[in-house]
Every structure is written in C-alpha cells, then in structure tokens.
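Accompanying notes for the structure given below.
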Amino acid sequence: MIPAGFEYHRPGDIASAIGILQEHGDEARVIAGGHSLIPMMKLRMAEMGHLVDLQAIEELKGIEVGSDTVTLGAMVTQQELITHDGLASAIPLIREAALQIADPQVRYVGTVGGNVANGDPGNDMPGLMQCLNATFELSGPDGRRSVAAREFYEAAYFTARDDEEILTRISIPVPGAGVGQAYEKQKRKIGDYATAAAAVMVGNGHASVAMTNLADTPVWSDSASNALADGDVSGCVAAMLEAIDPVADNRGPVEFKKHVAAVMLRRAIERAQSRAG
Amino acid sequence: MSKMHVKLTVNGKQVEGLAEPRTLLIHFLREDLKITGPHIGCETSHCGACTVDIDGKSVKSCTTFVAQVNGADITTVEGLTNDDGSLGVLQEMFREHHGLQCGFCTPGMITRAHRLLQENPNPTEEDIRFGMSGNLCRCTGYQNIVKAIAASADMLNAQKEAAE
C-alpha cells in the first residue's frame with residue numbers, strides 16, 4: 001500500500017504554512033500526526049500534490065493551564081494530554097477521554113488539533129470539546145478568527161474551517177470545582193471508533209452532554225443538557241435519543257446503536273454525578 | 001516526484017539515503033537499510049508488528065513517511081541487544097518465558113515493551129496489558145508475553161540496583 005507521490009513541505013511558522021496552502025490551493029493539505037490522513041493516502045482515497053507538515057511550528061505546541069482557561073496547541077499529542085501534570089487536575093475529562101482513543105502507539109503521534117479538525121464523526125475529541133464548550137482558533141490569509149466547537153461541525157468531514165485556514169489552538173473554559181465529569185465509550189476492540197460515546201459535565205446547577213459517532217457530526221444537545229441540569233436523568237436520555245441520528249453499519253443496526261447510546265449516557269451521567277461536589 | 005535526502009540515526013548509527021517523500025518508514029528501513037526486524041503485518045496501523053522507537057516514542061512505521069522523521073533517532077529490535085551482540089533483557093525474557101510462537105509480532109512487541117518499561121519501570125499486569133494494547137499476537141494468547149515483560153521489569157530493576 002503505497003500512496004501517490006507528493007511534494008513535502010516542513011514550514012517553520014504559521015504564516016509560511018498558510019502561504020504554501022494559498023500557493024497550491026486544493027492541491028495542498030496539512031498533516032499533523034497523520035494517523036487519519038496517511039491510512040487514507042495509502043488507500044488512495046486521499047491524494048494531494050503538496051503535503052504541509054506542521055511539526056516544526058512552535059506556535060502550534062504547548063499546553064497552558066490558567067485559572068479560568070486551558071489552551072491546547074493544535075499539535076499537542078494525545079500522549080501529552082495524558083501525561084501533562086496540571087491538565088488532569090484542571091479538566092480531568094480530557095485525560096479520561098484521551099486514554100480511550102486508539103492505542104498507545106497512535107496516541108504518541110495523534111494530535112488534538114488533527115482529531116478536532118478532521119471532521120470525522122468517529123473522532124472522540126469533537127464531542128468532548130462541544131461538551132466543554134471549547135473554542136477553536138483558526139489562522140488564514142485574512143488573519144485569525146474563533147469558532148465555537150458547537151458551531152464548527154457541518155457534516156462528515158465538512159467543518160467551518162476554510163481550505164486555506166489552519167486550526168491553531170483550542171481554548172477551553174475550566175469547569176471549576178464541584179463539576180463532575182465523565183467520558184464513557186463503547187467500542188468493539190482497542191483502536192476502534194466508538195459504537196457510542198458520551199461526554200458529560202454536571203454540577204453547580206449546570207450540565208452539558210455531548211455524544212460521539214451517532215450522527216454525521218458530534219451531537220451536543222441543549223435540551224438534554226438542561227434536563228440533566230434540572231436533575232432529570234430520564235429526560236436527558238430521552239432528549240439525547242431524539243437528537244442523535246445513527247445509521248446502520250458494521251457496528252450494528254440503528255436500534256442497537258440507540259440502545260448503546262442510552263447505556264453509555266446513563267453510565268457517564270452516573271459517574272459524573274458521583275464526582276460532582 | 002523528486003527524491004529527497006534522508007538522514008537518520010538508526011540503532012546508534014548515522015545513515016543516509018535518497019527517498020521519495022511518500023516512502024513509508026517501514027519500507028525505507030527494510031528495503032533501503034536492510035533492517036528487517038520491524039515487520040509489515042496489517043499495513044493499516046492496527047497490528048503493531050512495524051513498531052519502532054522514534055525519539056523516545058513507540059510509533060507504527062507503516063503509518064509514518066520517512067520525510068516526517070528526517071533527522072530522527074530511531075531504534076528497532078536490532079538495537080535492543082546487549083553491546084556484545086547477545087540478547088538484551090527483553091529479548092532473553094521473551095525466549096525464556098515463551099513469549100513468542102511464530103515470532104512475527106515479536107519485534108514490535110519487544111520494541112514497544114522497551115518504551116513501556118522506560119516510562120514505567122514497575123508496571124502492574126494491567127499496566128502491561130494496557131500499554132501493549134497496540135500490538136496484536138495471534139499465537140500466544142498474550143499470557144506469556146505479559147509474563148516476559150513483567151520478568152524483564154524485575155530483571156532490569158535488579159540490574160539497576162546492583163549498579164548503584
């Protein structure tokens with residue numbers, strides 16, 4: 001399995017990377033860890049004349065934990081999310097989810113930016129970022145702009161990011177003391193995408209609930225979140241089952257996926273509540 | 001596509017070569033450098049037989065372009081022997097505890113286990129199973145692989161203590 005040929009670029013800053021994207025248009029694509037893109041290139045389902053490797057761009061790296069906000073550089077790997085000292089105490093949900101993504105080797109290179117920017121409904125971080133009400137920062141030829149994670153996803157592999165933009169950083173409000181968090185994922189085997197996964201935050205009279213791989217985008221539900229904030233678990237699950245739109249595939253028929261979705265959501269809620277102050 | 005100049009450190013030696021950017025690291029190692037320890041198993045980043053150590057990370061070399069690792073320091077199973085060429089601790093323990101049958105997954109298993117023990121010198125059985133979950137074996141049922149890695153941890157810790 002050998003991909004089609006391409007020219008390789010390793011720019012040292014964001015402006016140069018955007019310049020290469022502008023010069024080559026839809027012939028160019030960025031690569032982060034590559035563990036979603038390279039398999040598609042090997043299958044010849046993705047081909048491009050120019051591959052823009054973001055690994056040398058320092059501005060895309062680093063985890064900053066502030067008292068109100070955590071920011072993650074797009075090139076932060078899942079392994080860095082798992083092993084970072086301050087992150088697990090600021091937002092434990094991120095580490096808990098990262099540990100359930102792929103397998104150890106993939107987590108050493110797979111990045112949080114790639115995971116959220118790819119737009120694959122199977123990726124775990126998009127739903128998680130919607131639950132956390134994160135904001136994505138994009139840089140392009142016309143400068144920078146921010147898009148809320150809850151507004152970012154349009155359809156499978158279609159997002160609010162323009163072709164000549166790069167997703168550079170993710171900002172996440174720190175939920176604060178007293179907010180319980182949990183991520184529950186059902187998968188067939190290690191390394192698989194979720195049959196269904198649920199991200200839940202609850203506490204201090206607020207709640208936020210999002211689910212993964214149950215529609216062509218991640219699903220954050222306002223009404224499910226409000227129901228849970230009122231302490232109505234059954235109402236939350238019912239609202240979420242209305243919001244999701246799974247399709248039958250090799251992970252099971254629609255009825256099974258809805259069943260698993262409800263089980264995952266109830267488990268996540270129970271664990272998040274047990275952790276709430 | 002024009003070829004690019006590739007410089008790597010592999011198992012402590014500087015190597016150079018020409019490769020198209022699309023060349024996968026596993027092919028460069030096996031076909032250009034004739035380092036055939038890392039195996040091509042599933043070719044879809046699931047099985048872990050192609051695992052090598054790149055700058056202190058376990059990575060699947062079937063899902064890595066050689067262009068991405070230009071300048072990197074790479075260790076394969078061949079680099080985990082003792083200085084005199086005899087079997088290293090992990091290799092010896094895999095032999096002693098029958099951690100292999102057909103042997104196809106073994107180079108990836110040992111290379112991954114090497115990094116796991118560097119990061120966690122005292123793993124529980126659960127740590128080992130979780131840390132090795134990116135490597136598949138279709139022969140052993142894993143039990144003896146887990147034993148071999150646990151025994152390696154004990155032996156490496158004993159060696160470290162003796163040296164202090």
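The way I read the labels, and the way they are meant: chains A, B, ... in the order of the structure tokens, residue 1 as the first residue of every chain, and ligand 1 as the first ligand shown, with later ones counted on from there.
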
Report as JSON lines the residues of chain A within 10 Å of chain B, each with its shortest atom pair and distance in Å (one decimal), using only C-alpha atoms, ordered by chain and increasing residue number.
```
{"residue": "A:Met1", "atom": "CA", "partner": "B:Glu43", "partner_atom": "CA", "distance": 7.3}
{"residue": "A:Ile2", "atom": "CA", "partner": "B:Thr23", "partner_atom": "CA", "distance": 7.5}
{"residue": "A:Pro3", "atom": "CA", "partner": "B:Arg22", "partner_atom": "CA", "distance": 6.4}
{"residue": "A:Ala4", "atom": "CA", "partner": "B:Arg22", "partner_atom": "CA", "distance": 7.1}
{"residue": "A:Gly5", "atom": "CA", "partner": "B:Arg22", "partner_atom": "CA", "distance": 5.6}
{"residue": "A:Phe6", "atom": "CA", "partner": "B:Arg22", "partner_atom": "CA", "distance": 6.6}
{"residue": "A:Glu7", "atom": "CA", "partner": "B:Pro21", "partner_atom": "CA", "distance": 6.8}
{"residue": "A:Tyr8", "atom": "CA", "partner": "B:Pro21", "partner_atom": "CA", "distance": 6.2}
{"residue": "A:His9", "atom": "CA", "partner": "B:Ala67", "partner_atom": "CA", "distance": 9.1}
{"residue": "A:Arg10", "atom": "CA", "partner": "B:Gln68", "partner_atom": "CA", "distance": 8.5}
{"residue": "A:Ile31", "atom": "CA", "partner": "B:Gln68", "partner_atom": "CA", "distance": 9.7}
{"residue": "A:Ala32", "atom": "CA", "partner": "B:Gln68", "partner_atom": "CA", "distance": 9.9}
{"residue": "A:Gly33", "atom": "CA", "partner": "B:Thr64", "partner_atom": "CA", "distance": 8.7}
{"residue": "A:Gly34", "atom": "CA", "partner": "B:Thr64", "partner_atom": "CA", "distance": 7.5}
{"residue": "A:His35", "atom": "CA", "partner": "B:Thr63", "partner_atom": "CA", "distance": 6.6}
{"residue": "A:Ser36", "atom": "CA", "partner": "B:Thr63", "partner_atom": "CA", "distance": 9.3}
{"residue": "A:Leu37", "atom": "CA", "partner": "B:Thr63", "partner_atom": "CA", "distance": 9.3}
{"residue": "A:Ile38", "atom": "CA", "partner": "B:Thr63", "partner_atom": "CA", "distance": 6.1}
{"residue": "A:Pro39", "atom": "CA", "partner": "B:Thr44", "partner_atom": "CA", "distance": 6.4}
{"residue": "A:Met40", "atom": "CA", "partner": "B:Thr44", "partner_atom": "CA", "distance": 9.7}
{"residue": "A:Met41", "atom": "CA", "partner": "B:Arg22", "partner_atom": "CA", "distance": 9.5}
{"residue": "A:Lys42", "atom": "CA", "partner": "B:Thr44", "partner_atom": "CA", "distance": 8.7}
{"residue": "A:Leu43", "atom": "CA", "partner": "B:Thr44", "partner_atom": "CA", "distance": 9.5}
{"residue": "A:Gly49", "atom": "CA", "partner": "B:Met1", "partner_atom": "CA", "distance": 9.7}
{"residue": "A:Leu51", "atom": "CA", "partner": "B:Pro21", "partner_atom": "CA", "distance": 9.4}
{"residue": "A:Asp53", "atom": "CA", "partner": "B:Gln68", "partner_atom": "CA", "distance": 7.4}
{"residue": "A:Leu54", "atom": "CA", "partner": "B:Gln68", "partner_atom": "CA", "distance": 9.8}
{"residue": "A:Gln55", "atom": "CA", "partner": "B:Gln68", "partner_atom": "CA", "distance": 8.3}
{"residue": "A:Gln79", "atom": "CA", "partner": "B:Lys57", "partner_atom": "CA", "distance": 9.6}
{"residue": "A:Leu99", "atom": "CA", "partner": "B:Phe130", "partner_atom": "CA", "distance": 9.8}
{"residue": "A:Ala102", "atom": "CA", "partner": "B:Gly134", "partner_atom": "CA", "distance": 8.1}
{"residue": "A:Asp103", "atom": "CA", "partner": "B:Gly134", "partner_atom": "CA", "distance": 4.9}
{"residue": "A:Pro104", "atom": "CA", "partner": "B:Gly134", "partner_atom": "CA", "distance": 5.8}
{"residue": "A:Gln105", "atom": "CA", "partner": "B:Val59", "partner_atom": "CA", "distance": 5.0}
{"residue": "A:Val106", "atom": "CA", "partner": "B:Val59", "partner_atom": "CA", "distance": 6.9}
{"residue": "A:Arg107", "atom": "CA", "partner": "B:Val59", "partner_atom": "CA", "distance": 9.0}
{"residue": "A:Tyr108", "atom": "CA", "partner": "B:Lys57", "partner_atom": "CA", "distance": 6.2}
{"residue": "A:Val109", "atom": "CA", "partner": "B:Val59", "partner_atom": "CA", "distance": 7.4}
{"residue": "A:Lys189", "atom": "CA", "partner": "B:Ser133", "partner_atom": "CA", "distance": 9.8}
{"residue": "A:Ile190", "atom": "CA", "partner": "B:Ser133", "partner_atom": "CA", "distance": 6.8}
{"residue": "A:Gly191", "atom": "CA", "partner": "B:His46", "partner_atom": "CA", "distance": 7.2}
{"residue": "A:Asp192", "atom": "CA", "partner": "B:His46", "partner_atom": "CA", "distance": 9.3}
```

Could you save the residues just selected, with N, CA and C atoms, as a CSV table (one decimal), in the first residue's frame?
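Result written to again.csv:
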```
chain,number,residue,atom,x,y,z
A,1,MET,N,0.8,-1.2,0.0
A,1,MET,CA,0.0,0.0,0.0
A,1,MET,C,0.9,1.2,0.0
A,2,ILE,N,1.1,1.8,-1.2
A,2,ILE,CA,2.0,2.9,-1.3
A,2,ILE,C,1.2,4.1,-1.8
A,3,PRO,N,1.2,5.2,-1.1
A,3,PRO,CA,0.4,6.4,-1.6
A,3,PRO,C,0.9,7.0,-2.8
A,4,ALA,N,0.1,7.8,-3.4
A,4,ALA,CA,0.6,8.6,-4.6
A,4,ALA,C,1.6,9.6,-4.2
A,5,GLY,N,2.4,10.0,-5.1
A,5,GLY,CA,3.6,10.9,-4.8
A,5,GLY,C,3.1,12.3,-4.4
A,6,PHE,N,3.9,13.0,-3.7
A,6,PHE,CA,3.6,14.4,-3.3
A,6,PHE,C,4.9,15.1,-3.0
A,7,GLU,N,4.8,16.4,-3.0
A,7,GLU,CA,6.0,17.2,-2.6
A,7,GLU,C,5.8,17.5,-1.1
A,8,TYR,N,6.9,17.4,-0.3
A,8,TYR,CA,6.8,17.5,1.1
A,8,TYR,C,7.3,18.9,1.6
A,9,HIS,N,6.6,19.5,2.4
A,9,HIS,CA,7.0,20.8,3.0
A,9,HIS,C,7.0,20.8,4.5
A,10,ARG,N,8.0,21.4,5.1
A,10,ARG,CA,8.0,21.5,6.6
A,10,ARG,C,8.3,22.9,7.0
A,31,ILE,N,-0.6,18.2,7.4
A,31,ILE,CA,-0.6,16.9,8.1
A,31,ILE,C,-0.1,17.2,9.5
A,32,ALA,N,-0.7,16.6,10.5
A,32,ALA,CA,-0.3,16.7,11.9
A,32,ALA,C,0.4,15.4,12.2
A,33,GLY,N,-0.3,14.6,13.0
A,33,GLY,CA,0.2,13.2,13.3
A,33,GLY,C,0.1,12.3,12.2
A,34,GLY,N,-0.9,12.5,11.4
A,34,GLY,CA,-1.0,11.7,10.1
A,34,GLY,C,-1.7,10.4,10.3
A,35,HIS,N,-2.2,10.1,11.5
A,35,HIS,CA,-2.8,8.7,11.6
A,35,HIS,C,-4.2,8.6,11.2
A,36,SER,N,-4.8,9.7,10.8
A,36,SER,CA,-6.1,9.6,10.0
A,36,SER,C,-5.8,9.8,8.5
A,37,LEU,N,-4.9,10.7,8.2
A,37,LEU,CA,-4.6,11.1,6.8
A,37,LEU,C,-3.8,10.0,6.0
A,38,ILE,N,-2.7,9.5,6.7
A,38,ILE,CA,-1.9,8.6,6.0
A,38,ILE,C,-2.6,7.3,5.6
A,39,PRO,N,-3.4,6.7,6.5
A,39,PRO,CA,-4.2,5.5,6.0
A,39,PRO,C,-5.1,5.8,4.8
A,40,MET,N,-5.6,7.0,4.7
A,40,MET,CA,-6.5,7.4,3.6
A,40,MET,C,-5.6,7.5,2.3
A,41,MET,N,-4.4,8.1,2.5
A,41,MET,CA,-3.5,8.2,1.4
A,41,MET,C,-3.0,6.8,0.9
A,42,LYS,N,-2.8,5.9,1.8
A,42,LYS,CA,-2.4,4.6,1.4
A,42,LYS,C,-3.5,3.9,0.6
A,43,LEU,N,-4.7,4.1,1.0
A,43,LEU,CA,-5.8,3.5,0.2
A,43,LEU,C,-6.2,4.3,-1.0
A,49,GLY,N,-1.0,17.0,-4.1
A,49,GLY,CA,0.3,17.3,-4.7
A,49,GLY,C,1.4,17.8,-3.7
A,51,LEU,N,2.1,18.2,0.6
A,51,LEU,CA,1.8,17.8,1.9
A,51,LEU,C,2.6,18.8,2.8
A,53,ASP,N,3.7,19.6,6.4
A,53,ASP,CA,3.9,19.0,7.7
A,53,ASP,C,4.0,20.2,8.8
A,54,LEU,N,3.2,20.1,9.8
A,54,LEU,CA,3.1,21.2,10.8
A,54,LEU,C,4.1,21.0,12.0
A,55,GLN,N,4.8,19.9,12.0
A,55,GLN,CA,5.6,19.5,13.2
A,55,GLN,C,6.6,20.5,13.6
A,79,GLN,N,-0.8,11.7,23.8
A,79,GLN,CA,0.1,11.2,24.9
A,79,GLN,C,0.5,12.4,25.8
A,99,LEU,N,-7.3,8.7,27.0
A,99,LEU,CA,-6.9,7.3,27.3
A,99,LEU,C,-7.7,6.3,26.5
A,102,ALA,N,-7.8,5.3,20.3
A,102,ALA,CA,-6.9,4.4,19.6
A,102,ALA,C,-6.0,3.5,20.5
A,103,ASP,N,-4.7,3.5,20.3
A,103,ASP,CA,-3.9,2.6,21.1
A,103,ASP,C,-2.6,3.4,21.4
A,104,PRO,N,-1.7,2.8,22.3
A,104,PRO,CA,-0.6,3.7,22.7
A,104,PRO,C,0.3,4.2,21.6
A,105,GLN,N,0.6,3.4,20.6
A,105,GLN,CA,1.4,4.0,19.5
A,105,GLN,C,0.8,5.1,18.8
A,106,VAL,N,-0.5,5.0,18.5
A,106,VAL,CA,-1.2,6.1,17.8
A,106,VAL,C,-1.3,7.3,18.7
A,107,ARG,N,-1.4,7.1,20.0
A,107,ARG,CA,-1.5,8.3,20.9
A,107,ARG,C,-0.2,9.1,21.0
A,108,TYR,N,0.9,8.4,20.7
A,108,TYR,CA,2.2,9.2,20.8
A,108,TYR,C,2.3,10.2,19.7
A,109,VAL,N,1.6,10.0,18.5
A,109,VAL,CA,1.7,10.9,17.4
A,109,VAL,C,0.4,11.6,17.1
A,189,LYS,N,-13.3,-3.1,20.0
A,189,LYS,CA,-11.9,-3.5,20.3
A,189,LYS,C,-11.0,-2.3,20.5
A,190,ILE,N,-9.8,-2.5,21.0
A,190,ILE,CA,-8.9,-1.4,21.2
A,190,ILE,C,-8.6,-0.8,19.8
A,191,GLY,N,-8.6,0.5,19.7
A,191,GLY,CA,-8.2,1.1,18.5
A,191,GLY,C,-9.5,1.4,17.6
A,192,ASP,N,-10.6,0.9,18.0
A,192,ASP,CA,-11.8,1.1,17.2
A,192,ASP,C,-12.4,2.5,17.5
```

Report task. Would you mind writing down, as a PyMOL selection string, each residue of range 38-227 of chain A that DSSP on the backbone assigns to strand (DSSP E or B)? Result -> chain A and resi 50-53+63-65+69-73+77+111+135-140+143-148+153-155+158-159+166-173+180-186+196-203+206-212+219-220

Query raised in the report: Residues at most 10 Å from range 258-271 of chain A, counting only C-alpha atoms, excluding those fewer than 2 positions away in the same chain, as a PyMOL selection string?
Result: chain A and resi 180-186+195-202+207+209-214+228+233-234+236-238+240-242+244-247+252-256+273-276

Put those residues in a file: C-alpha atoms, as an mmCIF file, in the first residue's frame.
```cif
data_model
loop_
_atom_site.group_PDB
_atom_site.id
_atom_site.type_symbol
_atom_site.label_atom_id
_atom_site.label_comp_id
_atom_site.auth_asym_id
_atom_site.auth_seq_id
_atom_site.Cartn_x
_atom_site.Cartn_y
_atom_site.Cartn_z
ATOM 1 C CA GLY A 180 -18.306 16.195 37.892
ATOM 2 C CA GLN A 181 -17.037 14.961 34.513
ATOM 3 C CA ALA A 182 -17.039 11.590 32.765
ATOM 4 C CA TYR A 183 -16.363 10.066 29.347
ATOM 5 C CA GLU A 184 -17.858 6.664 28.518
ATOM 6 C CA LYS A 185 -17.088 4.864 25.264
ATOM 7 C CA GLN A 186 -18.310 1.559 23.886
ATOM 8 C CA THR A 195 -20.180 2.435 18.705
ATOM 9 C CA ALA A 196 -21.399 5.188 21.016
ATOM 10 C CA ALA A 197 -19.605 7.534 23.408
ATOM 11 C CA ALA A 198 -20.855 10.131 25.881
ATOM 12 C CA ALA A 199 -19.184 13.187 27.418
ATOM 13 C CA VAL A 200 -20.932 14.589 30.491
ATOM 14 C CA MET A 201 -20.344 17.523 32.852
ATOM 15 C CA VAL A 202 -22.716 18.148 35.731
ATOM 16 C CA ALA A 207 -24.901 20.371 32.897
ATOM 17 C CA VAL A 209 -23.967 16.494 27.418
ATOM 18 C CA ALA A 210 -22.478 15.503 24.045
ATOM 19 C CA MET A 211 -22.230 12.238 22.129
ATOM 20 C CA THR A 212 -19.883 10.774 19.508
ATOM 21 C CA ASN A 213 -20.368 8.729 16.313
ATOM 22 C CA LEU A 214 -24.150 8.742 16.424
ATOM 23 C CA LEU A 228 -29.753 16.998 33.375
ATOM 24 C CA VAL A 233 -31.768 11.867 34.007
ATOM 25 C CA SER A 234 -34.528 10.104 32.052
ATOM 26 C CA CYS A 236 -31.843 13.942 29.459
ATOM 27 C CA VAL A 237 -31.534 10.492 27.879
ATOM 28 C CA ALA A 238 -34.832 10.871 26.031
ATOM 29 C CA MET A 240 -30.449 12.919 23.507
ATOM 30 C CA LEU A 241 -32.055 9.916 21.786
ATOM 31 C CA GLU A 242 -34.183 12.431 19.869
ATOM 32 C CA ILE A 244 -28.905 11.608 17.581
ATOM 33 C CA ASP A 245 -29.315 10.106 14.125
ATOM 34 C CA PRO A 246 -27.231 6.921 13.860
ATOM 35 C CA VAL A 247 -27.059 4.831 10.691
ATOM 36 C CA GLY A 252 -24.668 -2.553 14.364
ATOM 37 C CA PRO A 253 -28.208 -1.628 13.355
ATOM 38 C CA VAL A 254 -29.858 1.637 14.358
ATOM 39 C CA GLU A 255 -31.840 0.100 17.242
ATOM 40 C CA PHE A 256 -28.659 -1.346 18.764
ATOM 41 C CA GLN A 273 -22.694 12.878 39.324
ATOM 42 C CA SER A 274 -20.651 10.747 41.727
ATOM 43 C CA ARG A 275 -17.711 13.073 41.091
ATOM 44 C CA ALA A 276 -19.702 16.317 41.432
#
```

Query raised in the report: What lies within 10 Å of Glu96 in chain B using only C-alpha atoms, ignoring chain neighbours under 4 positions off, as a VMD selection string?
Result: chain B and resid 90 to 92 100 144 147 to 148 151

**Report entry** Shell around Gly73 in chain A at 7 Å using only C-alpha atoms, local window under 2 positions removed, as a PyMOL selection string
**Finding:** chain A and resi 60-63+71+75-76+168-170

Query raised in the report: Can you list, as a PyMOL selection string, every protein, DNA or RNA residue that comes within 12 Å of Gly119 in chain A when you count only C-alpha atoms, leaving out same-chain residues fewer than 2 positions away?
Result: chain A and resi 36-37+113-117+121-127+149+152-161+167+212-213+215-218

Residue subset to file, keeping N, CA and C atoms, as a tab-separated table (two decimals), in the first residue's frame:
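selection.tsv was written with the following content:
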```
chain	number	residue	atom	x	y	z
A	36	SER	N	-4.82	9.72	10.75
A	36	SER	CA	-6.07	9.63	9.99
A	36	SER	C	-5.76	9.78	8.50
A	37	LEU	N	-4.87	10.72	8.18
A	37	LEU	CA	-4.62	11.05	6.77
A	37	LEU	C	-3.80	9.98	6.05
A	113	GLY	N	-5.38	18.64	17.66
A	113	GLY	CA	-5.81	19.51	16.56
A	113	GLY	C	-6.29	18.69	15.37
A	114	GLY	N	-5.55	17.64	15.03
A	114	GLY	CA	-5.96	16.77	13.93
A	114	GLY	C	-7.29	16.10	14.24
A	115	ASN	N	-7.43	15.68	15.48
A	115	ASN	CA	-8.65	14.97	15.89
A	115	ASN	C	-9.88	15.86	15.75
A	116	VAL	N	-9.76	17.15	16.15
A	116	VAL	CA	-10.94	18.01	16.07
A	116	VAL	C	-11.14	18.60	14.66
A	117	ALA	N	-10.03	18.81	13.91
A	117	ALA	CA	-10.15	19.48	12.62
A	117	ALA	C	-10.59	18.55	11.50
A	121	PRO	N	-16.81	11.90	12.12
A	121	PRO	CA	-17.76	11.72	13.22
A	121	PRO	C	-17.28	10.68	14.23
A	122	GLY	N	-16.33	9.82	13.85
A	122	GLY	CA	-15.83	8.80	14.76
A	122	GLY	C	-14.82	9.33	15.76
A	123	ASN	N	-14.23	10.49	15.50
A	123	ASN	CA	-13.23	11.04	16.41
A	123	ASN	C	-13.87	11.43	17.74
A	124	ASP	N	-13.14	11.22	18.84
A	124	ASP	CA	-13.71	11.45	20.18
A	124	ASP	C	-13.65	12.91	20.62
A	125	MET	N	-12.60	13.63	20.22
A	125	MET	CA	-12.39	14.98	20.75
A	125	MET	C	-13.47	16.00	20.34
A	126	PRO	N	-14.06	15.90	19.16
A	126	PRO	CA	-15.09	16.89	18.81
A	126	PRO	C	-16.26	16.91	19.79
A	127	GLY	N	-16.81	15.75	20.11
A	127	GLY	CA	-17.92	15.71	21.08
A	127	GLY	C	-17.48	16.21	22.44
A	149	ALA	N	-16.76	25.27	19.25
A	149	ALA	CA	-16.82	23.86	18.88
A	149	ALA	C	-18.25	23.46	18.54
A	152	PHE	N	-18.87	24.38	14.87
A	152	PHE	CA	-17.80	24.09	13.93
A	152	PHE	C	-18.15	22.99	12.92
A	153	TYR	N	-18.97	22.03	13.33
A	153	TYR	CA	-19.16	20.82	12.52
A	153	TYR	C	-20.42	20.92	11.66
A	154	GLU	N	-20.26	20.73	10.34
A	154	GLU	CA	-21.38	20.91	9.41
A	154	GLU	C	-21.90	19.58	8.90
A	155	ALA	N	-21.00	18.66	8.59
A	155	ALA	CA	-21.36	17.31	8.13
A	155	ALA	C	-20.08	16.49	8.22
A	156	ALA	N	-20.15	15.20	7.89
A	156	ALA	CA	-18.94	14.39	7.98
A	156	ALA	C	-17.85	15.00	7.09
A	157	TYR	N	-16.71	15.31	7.69
A	157	TYR	CA	-15.53	15.89	7.02
A	157	TYR	C	-15.76	17.32	6.51
A	158	PHE	N	-16.90	17.93	6.82
A	158	PHE	CA	-17.13	19.32	6.47
A	158	PHE	C	-17.24	20.15	7.75
A	159	THR	N	-16.38	21.16	7.84
A	159	THR	CA	-16.37	21.99	9.04
A	159	THR	C	-16.34	23.46	8.63
A	160	ALA	N	-16.37	24.34	9.63
A	160	ALA	CA	-16.34	25.78	9.37
A	160	ALA	C	-14.96	26.26	8.93
A	161	ARG	N	-13.96	25.37	8.97
A	161	ARG	CA	-12.61	25.77	8.55
A	161	ARG	C	-12.52	25.88	7.03
A	167	LEU	N	-6.22	25.19	11.82
A	167	LEU	CA	-6.69	25.24	13.21
A	167	LEU	C	-5.45	25.26	14.10
A	212	THR	N	-20.80	10.99	20.63
A	212	THR	CA	-19.88	10.77	19.51
A	212	THR	C	-20.31	9.59	18.64
A	213	ASN	N	-20.17	9.77	17.33
A	213	ASN	CA	-20.37	8.73	16.31
A	213	ASN	C	-21.80	8.23	16.23
A	215	ALA	N	-24.16	10.38	14.63
A	215	ALA	CA	-24.73	11.22	13.57
A	215	ALA	C	-23.54	11.59	12.68
A	216	ASP	N	-23.75	12.40	11.65
A	216	ASP	CA	-22.60	12.76	10.80
A	216	ASP	C	-21.78	13.91	11.39
A	217	THR	N	-22.21	14.40	12.54
A	217	THR	CA	-21.40	15.34	13.32
A	217	THR	C	-21.51	14.90	14.79
A	218	PRO	N	-20.65	15.46	15.66
A	218	PRO	CA	-20.90	15.22	17.09
A	218	PRO	C	-22.23	15.86	17.48
```

Report task. Apply DSSP to the structure's backbone, then extract all residues of range 4-163 of chain B labelled helix (DSSP H, G or I) and return them as JSON, numbers by chain. Result -> {"B": [25, 26, 27, 28, 29, 30, 31, 32, 61, 62, 63, 66, 67, 68, 69, 77, 78, 79, 80, 89, 90, 91, 92, 93, 94, 95, 96, 106, 107, 108, 109, 110, 111, 112, 113, 114, 115, 116, 117, 118, 119, 125, 126, 127, 128, 129, 130, 131, 143, 144, 145, 146, 147, 148, 149, 150, 151, 152, 153, 154, 155, 156, 157, 158, 159, 160, 161, 162, 163]}

Query raised in the report: Which value, in Å to one decimal, gives the distance between CA of Glu161 in chain B and CA of Ile74 in chain B?
Result: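 Answer for the CA of Glu161 in chain B to CA of Ile74 in chain B separation: 27.7 Å.
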
**Report entry** Best match for closeness to Asp85 in chain A among A:Val65, A:Ala229, A:Ala239, A:Leu138, counting only C-alpha atoms
**Finding:**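 Closest residue, counting only C-alpha atoms: A:Val65.
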
Query raised in the report: Could you state the separation of CA of Met93 in chain B and CA of Ala153 in chain B in Å, given to one decimal place?
Result: 9.8 Å

Requested in this report: Please indicate the distance in Å from CA of Glu64 in chain A to CA of Pro175 in chain A, rounded to one decimal place.
Outcome: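 That distance, rounded to one decimal, is 15.3 Å.
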
As a PDB file with C-alpha atoms, in the first residue's frame, please: the residues near Thr77 in chain A (cut-off 6 Å, only C-alpha atoms, same-chain neighbours under 4 positions excluded).
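The resulting file, result20.pdb, is shown below:
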```pdb
ATOM      1  CA  VAL A 109       1.685  10.899  17.402  1.00  0.00           C
ATOM      2  CA  GLY A 110      -2.048  11.583  17.080  1.00  0.00           C
ATOM      3  CA  THR A 111      -2.793  15.240  17.840  1.00  0.00           C
ATOM      4  CA  VAL A 112      -5.735  17.003  19.426  1.00  0.00           C
TER       5      VAL A 112
END
```
